[in-house]
file target-v2.cif (mmCIF, C-alpha atoms and all ligand atoms)
data_structure
loop_
_atom_site.label_atom_id
_atom_site.label_comp_id
_atom_site.auth_asym_id
_atom_site.auth_seq_id
_atom_site.Cartn_x
_atom_site.Cartn_y
_atom_site.Cartn_z
CA MET P 12 -2.69 -29.63 -24.22
CA THR P 13 -6.27 -30.30 -23.18
CA ALA P 14 -7.95 -30.55 -19.81
CA THR P 15 -9.43 -33.97 -20.36
CA CYS P 16 -8.85 -36.71 -17.85
CA GLY P 17 -6.02 -39.09 -18.53
CA ASP P 18 -2.53 -39.77 -17.36
CA CYS P 19 -0.41 -37.16 -15.63
CA PRO P 20 2.21 -35.91 -18.13
CA GLN P 21 4.78 -35.85 -15.33
CA CYS P 22 4.29 -39.06 -13.42
CA HIS P 23 1.59 -40.97 -15.39
CA HIS P 24 -0.73 -41.38 -12.44
CA MET P 25 -4.46 -40.89 -13.04
CA LEU P 26 -5.66 -37.28 -13.23
CA GLU P 27 -8.84 -36.22 -11.46
CA GLN P 28 -11.27 -33.43 -12.27
CA PHE P 29 -11.87 -30.72 -9.70
CA GLU P 30 -13.80 -27.51 -9.23
CA ASN P 31 -12.72 -24.86 -6.78
CA GLY P 32 -14.45 -21.51 -6.62
CA SER P 33 -13.67 -19.63 -9.81
CA VAL P 34 -11.55 -22.34 -11.40
CA THR P 35 -12.09 -25.81 -12.77
CA GLY P 36 -9.59 -28.29 -14.15
CA VAL P 37 -7.76 -31.55 -13.71
CA ARG P 38 -4.97 -32.40 -11.32
CA CYS P 39 -2.67 -35.18 -10.27
CA GLN P 40 -2.99 -36.16 -6.61
CA PHE P 41 0.38 -37.84 -6.79
CA CYS P 42 2.79 -35.11 -7.94
CA GLY P 43 0.59 -31.99 -7.81
CA TRP P 44 0.59 -31.23 -11.55
CA SER P 45 -2.59 -29.49 -12.64
CA VAL P 46 -4.20 -27.51 -15.40
CA VAL P 47 -6.96 -25.03 -14.56
CA ARG P 48 -9.25 -22.61 -16.35
CA THR P 49 -11.76 -19.99 -15.30
CA ASN P 50 -15.03 -21.58 -14.34
CA HIS P 51 -17.58 -19.46 -16.15
CA ARG P 52 -20.46 -21.25 -14.52
CA SER P 53 -19.32 -20.09 -11.11
CA PHE P 54 -18.60 -16.65 -12.56
CA THR P 55 -22.24 -16.30 -13.55
CA PHE P 56 -23.63 -17.54 -10.28
CA ASP P 57 -20.99 -16.12 -7.95
CA PRO P 58 -23.13 -14.50 -5.19
CA GLN P 59 -20.20 -12.47 -3.81
CA VAL P 60 -20.61 -8.69 -3.92
CA TYR P 61 -17.35 -6.99 -4.90
CA ILE P 62 -16.33 -3.43 -4.14
CA VAL P 63 -14.15 -1.66 -6.69
CA SER P 64 -12.18 1.39 -5.60
CA LEU P 65 -10.12 3.45 -8.02
CA THR P 66 -6.58 4.26 -6.98
CA ASP P 67 -5.21 6.78 -9.48
CA VAL P 68 -7.86 8.62 -11.45
CA VAL P 69 -6.55 11.72 -13.17
CA ASN P 70 -8.32 14.46 -15.03
CA ASP P 71 -7.37 13.26 -18.51
CA ALA P 72 -9.70 12.42 -21.35
CA ALA P 73 -9.41 8.63 -21.17
CA HIS P 74 -10.09 8.48 -17.43
CA VAL P 75 -12.93 11.01 -17.60
CA ARG P 76 -14.51 9.05 -20.45
CA ALA P 77 -14.25 5.81 -18.47
CA VAL P 78 -15.86 7.35 -15.39
CA SER P 79 -18.53 8.98 -17.54
CA LYS P 80 -19.44 5.76 -19.30
CA ILE P 81 -19.41 3.51 -16.24
CA LYS P 82 -21.30 5.94 -14.01
CA GLY P 83 -23.74 6.92 -16.78
CA ILE P 84 -23.01 10.61 -16.33
CA ASN P 85 -21.85 13.24 -18.84
CA PHE P 86 -18.27 14.38 -19.39
CA LEU P 87 -18.59 17.48 -17.20
CA GLN P 88 -20.19 15.55 -14.34
CA ALA P 89 -17.42 12.98 -14.63
CA ARG P 90 -14.77 15.70 -14.34
CA ASN P 91 -16.51 17.09 -11.28
CA TYR P 92 -16.66 13.62 -9.80
CA ILE P 93 -12.94 13.11 -10.38
CA GLN P 94 -12.22 16.40 -8.64
CA THR P 95 -13.91 15.15 -5.46
CA GLY P 96 -10.96 12.76 -5.09
CA ASP P 97 -13.06 10.09 -3.40
CA PHE P 98 -13.09 6.91 -5.47
CA SER P 99 -13.78 4.30 -2.82
CA ASN P 100 -16.86 2.17 -3.56
CA PHE P 101 -16.71 3.26 -7.20
CA LEU P 102 -18.49 0.06 -8.22
CA VAL P 103 -20.40 -2.32 -6.00
CA GLY P 104 -21.90 -5.48 -7.41
CA ARG P 105 -21.67 -9.13 -8.31
CA ALA P 106 -19.15 -10.36 -10.88
CA VAL P 107 -21.77 -10.54 -13.63
CA GLU P 108 -22.76 -6.95 -12.93
CA ILE P 109 -19.34 -5.32 -12.71
CA ASN P 110 -17.13 -7.39 -15.01
CA LYS P 111 -17.75 -5.29 -18.11
CA ASP P 112 -16.96 -2.12 -16.19
CA ILE P 113 -13.80 -3.67 -14.80
CA GLU P 114 -12.71 -4.51 -18.33
CA PHE P 115 -13.43 -0.92 -19.30
CA LEU P 116 -11.29 0.41 -16.45
CA LYS P 117 -8.44 -1.86 -17.53
CA LYS P 118 -8.66 -0.62 -21.12
CA ALA P 119 -8.76 3.02 -19.99
CA GLY P 120 -5.64 2.46 -17.88
CA VAL P 121 -7.34 3.29 -14.60
CA ASN P 122 -5.81 1.48 -11.64
CA PHE P 123 -8.18 0.03 -9.09
CA THR P 124 -8.49 -2.43 -6.26
CA VAL P 125 -11.26 -4.98 -5.72
CA SER P 126 -12.37 -6.22 -2.34
CA PRO P 127 -12.53 -9.12 -1.68
CA GLU P 128 -9.98 -10.38 -4.20
CA TYR P 129 -11.55 -10.61 -7.65
CA PRO P 130 -10.75 -14.07 -9.04
CA TYR P 131 -11.73 -13.27 -12.64
CA LEU P 132 -9.31 -10.41 -13.15
CA GLN P 133 -6.46 -12.25 -14.82
CA ASN P 134 -8.37 -13.64 -17.75
CA ALA P 135 -11.74 -11.95 -17.60
CA GLY P 136 -13.33 -12.17 -21.02
CA ASP P 137 -11.43 -15.16 -22.28
CA ASN P 138 -11.18 -18.76 -21.34
CA ARG P 139 -7.52 -19.42 -22.00
CA LEU P 140 -5.84 -22.08 -19.97
CA VAL P 141 -3.55 -21.21 -17.13
CA TYR P 142 -0.93 -23.77 -16.26
CA THR P 143 0.05 -24.06 -12.69
CA ARG P 144 1.43 -26.42 -10.11
CA LEU P 145 -0.45 -26.78 -6.89
CA ARG P 146 2.67 -27.21 -4.80
ZN ZN T 1 1.57 -36.57 -11.53
#

call {"tool": "encode", "arguments": {"input": "target-v2.cif", "output": "structure tokens"}}
result
Amino acid sequence: MTATCGDCPQCHHMLEQFENGSVTGVRCQFCGWSVVRTNHRSFTFDPQVYIVSLTDVVNDAAHVRAVSKIKGINFLQARNYIQTGDFSNFLVGRAVEINKDIEFLKKAGVNFTVSPEYPYLQNAGDNRLVYTRLR
């Protein structure tokens, strides 16, 4: 399945291309079928500043290492930081600035929240297609 324009696979009406924030794709105005993918162009130029807060950091090696690496501090400083228990505003920045760190948090198994909603979370780092229906 490709995202080129053509006939709708469901109703054979003409598909149209669209771009909407973090996604781009084609859709059928008639029946609502669509195929979308992450729009990396908007990812790069997304001016939104996101705030990442950690929700369950524990004093284990993987979490300490993640905090240490992302914050650019040593292991001991990272443990001290974790003991403060305050992980709001852990990361503040644009998508291009924080995406690598977010990937690192995911790999380390650290849970976190992003405000406002981070649209690149689901498939950050790859460009695989996501199939969806608009209605
Ligand atoms: Zn259709």

call {"tool": "closest_atom_pairs", "arguments": {"input": "target-v2.cif", "of": "chain P", "to": "ligand ZN 1 (chain T)", "cutoff": "8 Å", "atoms": "only C-alpha atoms and all ligand atoms", "output": "CSV"}}
result
residue,atom,partner,partner_atom,distance
P:Asp18,CA,T:ZN1,ZN,7.8
P:Cys19,CA,T:ZN1,ZN,4.6
P:Pro20,CA,T:ZN1,ZN,6.7
P:Gln21,CA,T:ZN1,ZN,5.0
P:Cys22,CA,T:ZN1,ZN,4.1
P:His23,CA,T:ZN1,ZN,5.9
P:His24,CA,T:ZN1,ZN,5.4
P:Met25,CA,T:ZN1,ZN,7.6
P:Leu26,CA,T:ZN1,ZN,7.5
P:Arg38,CA,T:ZN1,ZN,7.8
P:Cys39,CA,T:ZN1,ZN,4.6
P:Gln40,CA,T:ZN1,ZN,6.7
P:Phe41,CA,T:ZN1,ZN,5.0
P:Cys42,CA,T:ZN1,ZN,4.1
P:Gly43,CA,T:ZN1,ZN,6.0
P:Trp44,CA,T:ZN1,ZN,5.4

call {"tool": "closest_residue", "arguments": {"input": "target-v2.cif", "among": "P:Ser126, P:Val34, P:Val121, P:Val107", "to": "Val78 in chain P", "atoms": "only C-alpha atoms"}}
result
P:Val121

call {"tool": "closest_residue", "arguments": {"input": "target-v2.cif", "among": "P:Thr95, P:Asn100, P:Thr55, P:Asn110", "to": "Tyr129 in chain P", "atoms": "all atoms listed in the file"}}
result
P:Asn110

call {"tool": "closest_residue", "arguments": {"input": "target-v2.cif", "among": "P:Gly104, P:Gly17, P:Gly36, P:Gly120", "to": "Val69 in chain P", "atoms": "all atoms listed in the file"}}
result
P:Gly120

call {"tool": "closest_residue", "arguments": {"input": "target-v2.cif", "among": "P:Thr35, P:Ile84, P:Ala119, P:Ser79", "to": "Phe54 in chain P", "atoms": "all atoms listed in the file"}}
result
P:Thr35

call {"tool": "closest_residue", "arguments": {"input": "target-v2.cif", "among": "P:Ser64, P:Gln28, P:Ser99, P:Asn91", "to": "Val47 in chain P", "atoms": "only C-alpha atoms"}}
result
P:Gln28

call {"tool": "residues_around", "arguments": {"input": "target-v2.cif", "residues": "Ala106 in chain P", "least_positions_apart": "4", "cutoff": "10 Å", "atoms": "only C-alpha atoms", "output": "PDB file with C-alpha atoms, keeping the file's coordinate frame"}}
result
ATOM      1  CA  SER P  53     -19.320 -20.090 -11.110  1.00  0.00           C
ATOM      2  CA  PHE P  54     -18.600 -16.650 -12.560  1.00  0.00           C
ATOM      3  CA  THR P  55     -22.240 -16.300 -13.550  1.00  0.00           C
ATOM      4  CA  PHE P  56     -23.630 -17.540 -10.280  1.00  0.00           C
ATOM      5  CA  ASP P  57     -20.990 -16.120  -7.950  1.00  0.00           C
ATOM      6  CA  PRO P  58     -23.130 -14.500  -5.190  1.00  0.00           C
ATOM      7  CA  GLN P  59     -20.200 -12.470  -3.810  1.00  0.00           C
ATOM      8  CA  VAL P  60     -20.610  -8.690  -3.920  1.00  0.00           C
ATOM      9  CA  TYR P  61     -17.350  -6.990  -4.900  1.00  0.00           C
ATOM     10  CA  ASN P 110     -17.130  -7.390 -15.010  1.00  0.00           C
ATOM     11  CA  LYS P 111     -17.750  -5.290 -18.110  1.00  0.00           C
ATOM     12  CA  ILE P 113     -13.800  -3.670 -14.800  1.00  0.00           C
ATOM     13  CA  TYR P 129     -11.550 -10.610  -7.650  1.00  0.00           C
ATOM     14  CA  PRO P 130     -10.750 -14.070  -9.040  1.00  0.00           C
ATOM     15  CA  TYR P 131     -11.730 -13.270 -12.640  1.00  0.00           C
TER      16      TYR P 131
END

call {"tool": "closest_residue", "arguments": {"input": "target-v2.cif", "among": "P:Val37, P:Ile62, P:Val46, P:Ile93", "to": "Pro127 in chain P", "atoms": "all atoms listed in the file"}}
result
P:Ile62

call {"tool": "axis_aligned_box", "arguments": {"input": "target-v2.cif", "around": "range 86-104 of chain P", "padding_each_side": "8 Å", "output": "AutoDock Vina command-line options"}}
result
--center_x -16.4 --center_y 6.0 --center_z -11.1 --size_x 26.9 --size_y 39.0 --size_z 32.6

call {"tool": "atom_distance", "arguments": {"input": "target-v2.cif", "atom1": "CA of Val68 in chain P", "atom2": "CA of Asn122 in chain P"}}
result
7.4 Å

call {"tool": "atom_distance", "arguments": {"input": "target-v2.cif", "atom1": "CA of Ile81 in chain P", "atom2": "CA of Asp112 in chain P"}}
result
6.1 Å

call {"tool": "atom_distance", "arguments": {"input": "target-v2.cif", "atom1": "CA of Phe86 in chain P", "atom2": "CA of Ile109 in chain P"}}
result
20.8 Å
